[in-house]
Structures are given as structure tokens and as C-alpha cells.
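Chemist: Handing over input_30.txt, compact mmCIF, C-alpha atoms.
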```txt
# COMPACT_ATOMS: atom_id res chain seq x y z
CA LEU K 1 17.09 22.00 -20.65
CA ALA K 2 14.58 19.84 -22.51
CA LEU K 3 13.01 22.92 -24.09
CA LYS K 4 16.42 24.19 -25.14
CA HIS K 5 17.09 20.86 -26.88
CA LEU K 6 13.86 21.48 -28.79
CA GLY K 7 15.03 24.91 -29.89
CA ASN K 8 12.63 26.72 -27.58
CA ALA K 9 13.98 29.55 -25.44
CA SER K 10 11.02 29.51 -23.02
CA THR K 11 11.46 28.71 -19.33
CA ILE K 12 8.94 26.77 -17.24
CA THR K 13 9.05 27.92 -13.62
CA ALA K 14 6.44 25.53 -12.19
CA LEU K 15 6.06 22.36 -14.23
CA SER K 16 3.31 20.70 -12.19
CA THR K 17 1.10 23.80 -11.89
CA GLY K 18 1.69 25.47 -15.25
CA THR K 19 -1.35 25.72 -17.51
CA ASP K 20 0.29 26.79 -20.77
CA ALA K 21 0.73 24.32 -23.64
CA LEU K 22 4.45 23.74 -23.05
CA SER K 23 3.99 23.02 -19.35
CA THR K 24 1.14 20.63 -20.10
CA VAL K 25 3.22 18.63 -22.57
CA MET K 26 6.35 18.49 -20.41
CA ASN K 27 4.35 17.61 -17.31
CA ALA K 28 2.69 14.73 -19.18
CA TYR K 29 6.05 13.09 -19.94
CA TYR K 30 8.28 14.12 -17.03
CA ASP K 31 7.38 11.42 -14.47
CA VAL K 32 7.54 8.67 -17.08
CA ALA K 33 10.92 9.84 -18.39
CA LEU K 34 12.36 10.14 -14.87
CA GLU K 35 11.12 6.76 -13.63
CA GLU K 36 12.26 4.97 -16.76
CA LEU K 37 15.75 6.44 -16.49
CA LEU K 38 16.01 5.58 -12.80
CA ARG K 39 14.94 1.98 -13.46
CA ASP K 40 17.45 1.58 -16.32
CA HIS K 41 20.54 1.49 -14.09
CA PRO K 42 21.61 1.16 -10.42
CA TRP K 43 22.47 4.85 -10.11
CA PRO K 44 24.55 5.60 -6.98
CA HIS K 45 22.51 8.69 -6.14
CA ALA K 46 19.30 6.61 -6.13
CA THR K 47 20.59 3.40 -4.51
CA ARG K 48 19.15 2.56 -1.09
CA ILE K 49 19.90 -0.31 1.32
CA GLU K 50 17.11 -1.06 3.79
CA ASP K 51 15.92 -3.69 6.23
CA LEU K 52 12.49 -4.86 5.12
CA ILE K 53 9.34 -4.62 7.25
CA TYR K 54 8.16 -8.13 8.06
CA VAL K 55 4.51 -8.89 7.28
CA ALA K 56 3.80 -12.59 7.73
CA ALA K 57 5.11 -16.14 7.53
CA ASP K 58 3.91 -18.57 4.88
CA PRO K 59 1.98 -16.06 2.75
CA ASN K 60 1.25 -18.86 0.28
CA ASP K 61 2.33 -22.41 -0.54
CA GLU K 62 5.53 -21.36 -2.32
CA TRP K 63 7.25 -18.77 -0.10
CA ALA K 64 8.26 -18.71 3.57
CA ASN K 65 7.99 -14.97 4.27
CA SER K 66 6.41 -11.76 3.05
CA TYR K 67 7.79 -8.25 3.56
CA ARG K 68 6.48 -4.77 2.87
CA ILE K 69 8.38 -3.12 0.03
CA PRO K 70 9.66 0.44 0.67
CA GLN K 71 7.25 3.05 -0.68
CA ASP K 72 9.95 4.75 -2.74
CA CYS K 73 11.16 1.53 -4.38
CA LEU K 74 11.15 1.81 -8.16
CA LYS K 75 13.19 -1.32 -8.82
CA LEU K 76 14.38 -4.02 -6.46
CA ARG K 77 17.95 -4.92 -7.35
CA ARG K 78 18.70 -7.77 -4.94
CA ILE K 79 18.20 -9.30 -1.51
CA PHE K 80 21.50 -9.44 0.36
CA SER K 81 22.88 -12.98 0.62
CA GLY K 82 25.74 -12.18 3.00
CA ASP K 83 28.31 -12.76 0.24
CA ARG K 84 29.43 -9.51 -1.41
CA ASN K 85 30.86 -11.32 -4.41
CA GLU K 86 27.86 -13.51 -5.06
CA ASP K 87 27.25 -15.51 -8.22
CA ARG K 88 23.88 -16.75 -9.40
CA SER K 89 24.04 -19.82 -7.16
CA LEU K 90 24.14 -17.52 -4.09
CA ALA K 91 21.51 -15.02 -5.25
CA ILE K 92 18.38 -14.93 -3.07
CA ALA K 93 15.17 -15.77 -4.88
CA TYR K 94 12.22 -13.41 -4.47
CA ARG K 95 9.06 -12.19 -6.14
CA ARG K 96 7.36 -8.80 -6.04
CA VAL K 97 3.55 -8.93 -5.84
CA LYS K 98 0.59 -6.75 -5.00
CA ASP K 99 -0.59 -6.79 -1.41
CA LYS K 100 -3.87 -8.62 -0.88
CA ALA K 101 -6.97 -6.61 0.02
CA ARG K 102 -8.16 -6.94 3.62
CA THR K 103 -11.82 -6.68 4.57
CA ILE K 104 -12.84 -3.81 6.85
CA THR K 105 -14.87 -5.03 9.84
CA ALA K 106 -15.26 -1.71 11.68
CA ILE K 107 -14.54 2.03 11.52
CA THR K 108 -14.87 4.06 14.70
CA LYS K 109 -16.29 7.56 15.02
CA ALA K 110 -13.36 9.12 16.84
CA SER K 111 -10.42 11.49 16.50
CA PRO K 112 -8.60 9.98 14.78
CA GLY K 113 -10.82 7.28 13.34
CA VAL K 114 -9.63 3.69 13.77
CA ILE K 115 -10.14 0.99 11.16
CA THR K 116 -10.30 -2.71 12.03
CA VAL K 117 -9.60 -5.36 9.40
CA SER K 118 -10.37 -9.06 9.33
CA VAL K 119 -6.78 -10.36 9.46
CA ALA K 120 -3.35 -9.09 10.52
CA HIS K 121 -2.31 -6.29 8.18
CA GLY K 122 1.44 -5.88 8.76
CA TYR K 123 1.25 -2.09 8.35
CA THR K 124 3.49 0.41 10.08
CA ALA K 125 2.95 4.12 10.64
CA GLY K 126 3.39 6.05 7.41
CA ASP K 127 2.44 3.22 5.04
CA SER K 128 0.30 4.21 2.07
CA ILE K 129 -2.98 2.31 1.71
CA TYR K 130 -5.87 2.21 -0.73
CA ILE K 131 -9.41 2.12 0.66
CA ARG K 132 -12.38 1.14 -1.50
CA ASN K 133 -16.14 0.48 -1.23
CA VAL K 134 -16.78 1.58 2.36
CA GLY K 135 -20.44 1.24 3.31
CA GLY K 136 -22.30 3.86 5.34
CA MET K 137 -19.42 6.21 6.16
CA VAL K 138 -19.64 8.00 2.81
CA GLU K 139 -16.98 10.54 3.81
CA ILE K 140 -14.35 7.79 3.46
CA THR K 141 -14.23 7.83 -0.33
CA ASP K 142 -12.27 5.47 -2.56
CA GLY K 143 -8.66 6.59 -2.70
CA LEU K 144 -5.22 6.85 -1.16
CA TYR K 145 -4.76 7.22 2.60
CA GLN K 146 -1.98 6.73 5.14
CA VAL K 147 -1.59 4.57 8.23
CA GLY K 148 -1.22 6.45 11.51
CA THR K 149 -0.54 4.81 14.87
CA VAL K 150 -0.96 1.02 14.87
CA PRO K 151 -2.58 -0.09 18.18
CA THR K 152 -2.86 -3.80 17.26
CA THR K 153 -2.10 -6.17 14.40
CA THR K 154 -5.63 -5.74 13.00
CA THR K 155 -6.26 -2.03 13.69
CA PHE K 156 -4.75 1.30 12.66
CA GLN K 157 -5.52 4.98 12.94
CA LEU K 158 -6.52 6.63 9.70
CA GLN K 159 -4.73 9.58 8.13
CA THR K 160 -4.98 11.52 4.89
CA SER K 161 -2.42 10.75 2.19
CA ALA K 162 -0.51 13.78 3.53
CA GLY K 163 -0.25 12.24 7.02
CA VAL K 164 -2.93 14.28 8.80
CA ASN K 165 -5.15 12.46 11.31
CA ILE K 166 -8.76 12.07 10.12
CA ASN K 167 -11.44 13.00 12.65
CA THR K 168 -14.43 10.73 11.93
CA THR K 169 -16.50 11.82 14.96
CA ALA K 170 -19.08 13.66 12.85
CA TYR K 171 -18.97 11.23 9.92
CA THR K 172 -21.88 9.03 8.92
CA THR K 173 -21.86 5.73 10.79
CA TRP K 174 -20.05 2.86 9.08
CA THR K 175 -22.45 0.04 8.25
CA SER K 176 -20.52 -2.64 6.38
CA GLY K 177 -18.00 -3.43 3.72
CA GLY K 178 -14.87 -1.86 2.40
CA THR K 179 -11.36 -3.08 1.72
CA VAL K 180 -7.84 -1.90 2.53
CA GLN K 181 -4.84 -2.69 0.36
CA GLY K 182 -1.25 -1.77 1.15
CA ASP K 183 1.87 -1.27 -0.95
CA ASP K 184 3.55 -4.11 -2.83
CA LEU K 185 5.05 -7.09 -1.03
CA ILE K 186 8.25 -9.06 -1.49
CA LEU K 187 7.93 -12.83 -1.16
CA THR K 188 11.11 -14.73 -0.29
CA ASP K 189 12.46 -17.56 1.84
CA GLU K 190 15.13 -15.27 3.29
CA GLY K 191 14.98 -14.19 6.95
CA ASP K 192 12.12 -14.39 9.40
CA SER K 193 10.23 -12.20 11.86
CA THR K 194 13.33 -11.63 14.03
CA THR K 195 16.07 -11.56 11.38
CA VAL K 196 14.56 -9.67 8.48
CA ALA K 197 15.84 -9.61 4.92
CA GLN K 198 17.85 -6.64 3.67
CA ILE K 199 17.56 -5.29 0.14
CA GLU K 200 19.29 -3.00 -2.32
CA TYR K 201 16.94 -1.03 -4.54
CA THR K 202 16.62 2.00 -6.78
CA ALA K 203 14.54 4.69 -5.13
CA LEU K 204 12.31 7.31 -6.68
CA VAL K 205 14.51 10.39 -6.22
CA ASP K 206 12.45 13.30 -7.53
CA ASN K 207 14.56 16.20 -6.20
CA PRO K 208 16.76 17.42 -9.08
CA SER K 209 19.28 18.90 -6.65
CA PHE K 210 20.46 15.31 -5.99
CA TYR K 211 21.07 14.52 -9.68
CA PRO K 212 24.63 14.40 -11.03
CA PRO K 213 25.09 16.65 -14.10
CA ASP K 214 25.32 13.75 -16.55
CA PHE K 215 22.10 12.22 -15.19
CA THR K 216 20.37 15.58 -15.56
CA MET K 217 21.52 15.82 -19.17
CA ALA K 218 20.36 12.29 -19.96
CA LEU K 219 16.95 13.02 -18.41
CA SER K 220 16.59 16.27 -20.36
CA TYR K 221 17.32 14.56 -23.69
CA ARG K 222 14.88 11.74 -22.92
CA LEU K 223 12.18 14.25 -21.97
CA ALA K 224 12.86 16.30 -25.10
CA PHE K 225 12.64 13.16 -27.27
CA TYR K 226 9.26 12.20 -25.81
CA ALA K 227 7.86 15.72 -26.17
CA ALA K 228 9.30 16.42 -29.62
CA PRO K 229 6.49 14.89 -31.75
CA THR K 230 3.98 17.15 -30.00
CA ILE K 231 6.04 20.34 -29.91
CA SER K 232 8.04 20.08 -33.15
CA GLU K 233 7.11 19.01 -36.67
CA SER K 234 10.70 18.14 -37.58
CA ASP K 235 11.32 14.40 -38.06
CA GLY K 236 15.02 15.17 -38.24
CA LEU K 237 14.95 16.73 -34.77
CA VAL K 238 13.22 13.68 -33.32
CA GLU K 239 15.89 11.40 -34.80
CA LEU K 240 18.67 13.65 -33.51
CA LEU K 241 17.18 13.70 -30.01
CA ALA K 242 16.92 9.90 -30.06
CA ARG K 243 20.66 9.62 -30.74
CA LEU K 244 21.56 12.26 -28.16
CA TRP K 245 19.31 10.60 -25.58
CA GLN K 246 21.05 7.25 -26.10
CA MET K 247 24.55 8.78 -26.06
CA SER K 248 23.95 10.87 -22.94
CA THR K 249 22.38 7.93 -21.12
CA GLN K 250 25.30 5.65 -21.94
CA LYS K 251 27.77 8.29 -20.77
CA ALA K 252 25.90 8.77 -17.49
CA MET K 253 25.75 5.00 -16.93
CA SER K 254 29.47 4.62 -17.58
CA ASN K 255 30.31 7.40 -15.14
CA ALA K 256 28.02 5.89 -12.52
CA GLN K 257 29.59 2.46 -13.02
CA ASN K 258 33.02 3.94 -12.28
CA GLU K 259 31.96 5.24 -8.88
CA GLY K 260 32.67 1.87 -7.31
CA MET K 261 35.30 -0.85 -7.57
CA PRO K 262 33.68 -4.29 -7.77
CA ASP K 263 35.30 -7.51 -6.68
CA ASP K 264 36.69 -9.88 -9.28
CA GLU K 265 33.95 -11.85 -10.96
CA PRO K 266 33.39 -15.13 -9.10
CA GLU K 267 34.43 -18.27 -10.91
CA SER K 268 31.45 -19.87 -12.63
CA SER K 269 30.03 -22.98 -10.98
CA TRP K 270 30.73 -25.19 -14.01
CA ILE K 271 34.43 -24.25 -13.91
CA SER K 272 34.81 -24.67 -10.14
CA GLY K 273 33.01 -28.02 -10.38
CA ARG K 274 35.45 -29.54 -12.84
```
Spell out the structure here as C-alpha cells.

Modeler:
Amino acid sequence: LALKHLGNASTITALSTGTDALSTVMNAYYDVALEELLRDHPWPHATRIEDLIYVAADPNDEWANSYRIPQDCLKLRRIFSGDRNEDRSLAIAYRRVKDKARTITAITKASPGVITVSVAHGYTAGDSIYIRNVGGMVEITDGLYQVGTVPTTTTFQLQTSAGVNINTTAYTTWTSGGTVQGDDLILTDEGDSTTVAQIEYTALVDNPSFYPPDFTMALSYRLAFYAAPTISESDGLVELLARLWQMSTQKAMSNAQNEGMPDDEPESSWISGR
């Protein structure tokens, strides 16, 4: 669709693997355009409600609890307060932060290899992790990996980013060093290790078969607008695509907003306090 908006009749069959000029341009902008559009609004097709994975109590001097954020979370909308019709006075405070790096203290030569870290990690099977600066075991290069089985609070089996166990039996012996860093955390005073917080968030939905038609149209106009300066020399086309992108996005947002019936707005605290 984006190419059609640009007046190009070509069809791209494999965006991520195409090597022609059009595929290269569209591939460069697609993820950005999609993630921006998803973050712009609480789209029903991308809304998820999940119990958080508890990590630790008292992560710092300001917050009571830390939780692991879902891997597909693009934008956290709210932590549930228990009151559906909440006003600002009932909203649960939180902060999204990067996970701290944990020092590696051992890596076994086994199938699969097991990593030990210096403090409790809070990981669960399937979590994405970043490993850096491993000493000795040169086969464990800097990059993205995945947590396998978690035997203890300070150990985990190592997998590739695709979830395949890594056999380290024949690897060079680990000598020292290295860090592991997990996905982002949510800091909040809500919940605890037994009664975890629950959140509503916008997920990264990258399967177009789940997109409503108006969302697809809005995405195509946004993608065409971003690609236009590279593909077309017409300033008028760029301006037209900007207007169409804004109009189609507003229409999609309005339609999405009408897919639910909210409660009446709660009375403001300054009125109820009179």
C-alpha cells in the first residue's frame, strides 16, 4: 500500500530480505513507523493485560518493588489500581528503568551451559538477556541471548536468542568477567512477591493479519510519508502524504476509541472536596 501511495506499482514480496532499492528504503522505515503508530494510542488489537514477574523488594531507596516488564511491551499504559473508574488520585505511581547489569561469577562447560551471577537475577525461562565482556570463553560473544531453565535464583541455563540450548562442553574455559543484563524493569510500590502488580500495556504486534483495516491504512500512509523524500522528488507529494497520514491516523484512533464504552468521568477531587 505504501508504494501505491507513492505512485509506484511495484510489489515487495519479502520486505526484510529484499535487496532492491525499494525494499531497502521501506525496510529502513517500517519498524519505526509501526512502533510509533502503536505507541500513539491504546489500540484494542495491541492491548495486553498481564501479571508482572516479580524481581525484588526495595530495589532502591525510593521504590518498594521491582518487576520484569513484558518483552513485547512498547508502552506501559497503567498499573491496575483495583478501581476501574480511577482518577489521578487513584493512579498507581511507577517508573520504567533499565535492568542493572549482574556480574558473571562462573560459566560451566556443559550441555546446556549454566551461568552463575553474583546476585539474584529474577529471570524466568524465555527472558531475553544481553551478555558482554566474557573472559576466557571466547565463544560467548557480546550479544543477545535467552534464559533457559532457572535452577536457582543466581543461575540459569543459557540459550541462543532463538531459544536453543547452548552446548558449552567444547568451549574455551571461562576465566573471569562478563556481565548479564535483562529486559527493562518497572519500579512501583504496588504489590509484593505474593500479590504481584497487574498492568495494561501496548504490545509490539508485528503480524499484519491482526491489524484492523483502518490501522493498516494509517500505517501505510505513515510509511509512505517517511519514504517519500528518498523515493520521490515531489515536495507536493510529501505534503499530501503528511495530511493523509494525519487524517487516516485520526480516523483509526476514533474507530478504536469507539470499541469500548467507558464509565462516566470521575468527579474531580477539588469538586468532591468542596

Chemist: Given the choices K:Val114, K:Leu6, K:Tyr130, K:Asp83, which gets closest to Glu239 (chain K) if the distance is worked out from only C-alpha atoms?

Modeler: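 Selected residue with least distance to Glu239 (chain K): K:Leu6.
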
Chemist: Nearest residue to Ala197 (chain K) out of K:Lys4, K:Arg243, K:Arg68, K:Arg132, using all atoms listed in the file?

Modeler: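 The closest residue to Ala197 (chain K) is K:Arg68.
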
Chemist: What does the distance between CA of Tyr201 (chain K) and CA of Val119 (chain K) come to in Å, to one decimal place?

Modeler: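 Atom-to-atom, CA of Tyr201 (chain K) to CA of Val119 (chain K), that is 29.1 Å.
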
Chemist: Can you tell me, as a PyMOL selection string, what residues are no more than 9 Å from Met217 (chain K) when counting all atoms listed in the file, ignoring any on the same chain fewer than 3 positions away?

Modeler: chain K and resi 1-2+212-214+220-222+245+248-249+252

Chemist: Just want the 8 Å neighbourhood of Ile92 (chain K), counted on only C-alpha atoms, with same-chain residues fewer than 3 positions away dropped. Output as a PyMOL selection string.

Modeler: chain K and resi 78-81+188+190

Chemist: Can you pull out every residue within 12 Å of Leu240 (chain K), counting all atoms listed in the file, but drop anything in the same chain fewer than 6 positions away, and send it as an NGL selection string?

Modeler: :K and (5-6 or 221-222 or 224-225 or 228 or 234 or 246-247)

Chemist: Listed atoms of region 112-124 of chain K, axis-aligned box, 4 Å per side: centre and edge lengths to one decimal in Å, as AutoDock Vina command-line options?

Modeler:
```
--center_x -3.7 --center_y -0.2 --center_z 11.5 --size_x 22.3 --size_y 28.3 --size_z 14.6
```

Chemist: Ranking K:Leu158, K:Gln181, K:Lys100, K:Met137 by minimum distance to Asn60 (chain K) and counting only C-alpha atoms, which one comes first?

Modeler: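 Under the stated criterion, the closest residue is K:Lys100.
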
Chemist: Quick one: pull the distance between CA of Asp127 (chain K) and CA of Leu219 (chain K), Å, one decimal.

Modeler: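 Computing the Euclidean distance for CA of Asp127 (chain K) and CA of Leu219 (chain K) yields 29.3 Å.
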
Chemist: Using only C-alpha atoms for the distances, tell me which of K:Thr202, K:Ser111, K:Ser66, K:Thr105 is nearest to Thr168 (chain K).

Modeler: K:Ser111

Chemist: In Å, how far is it from CA of Asp206 (chain K) to CA of Ala46 (chain K)?

Modeler: 9.7 Å
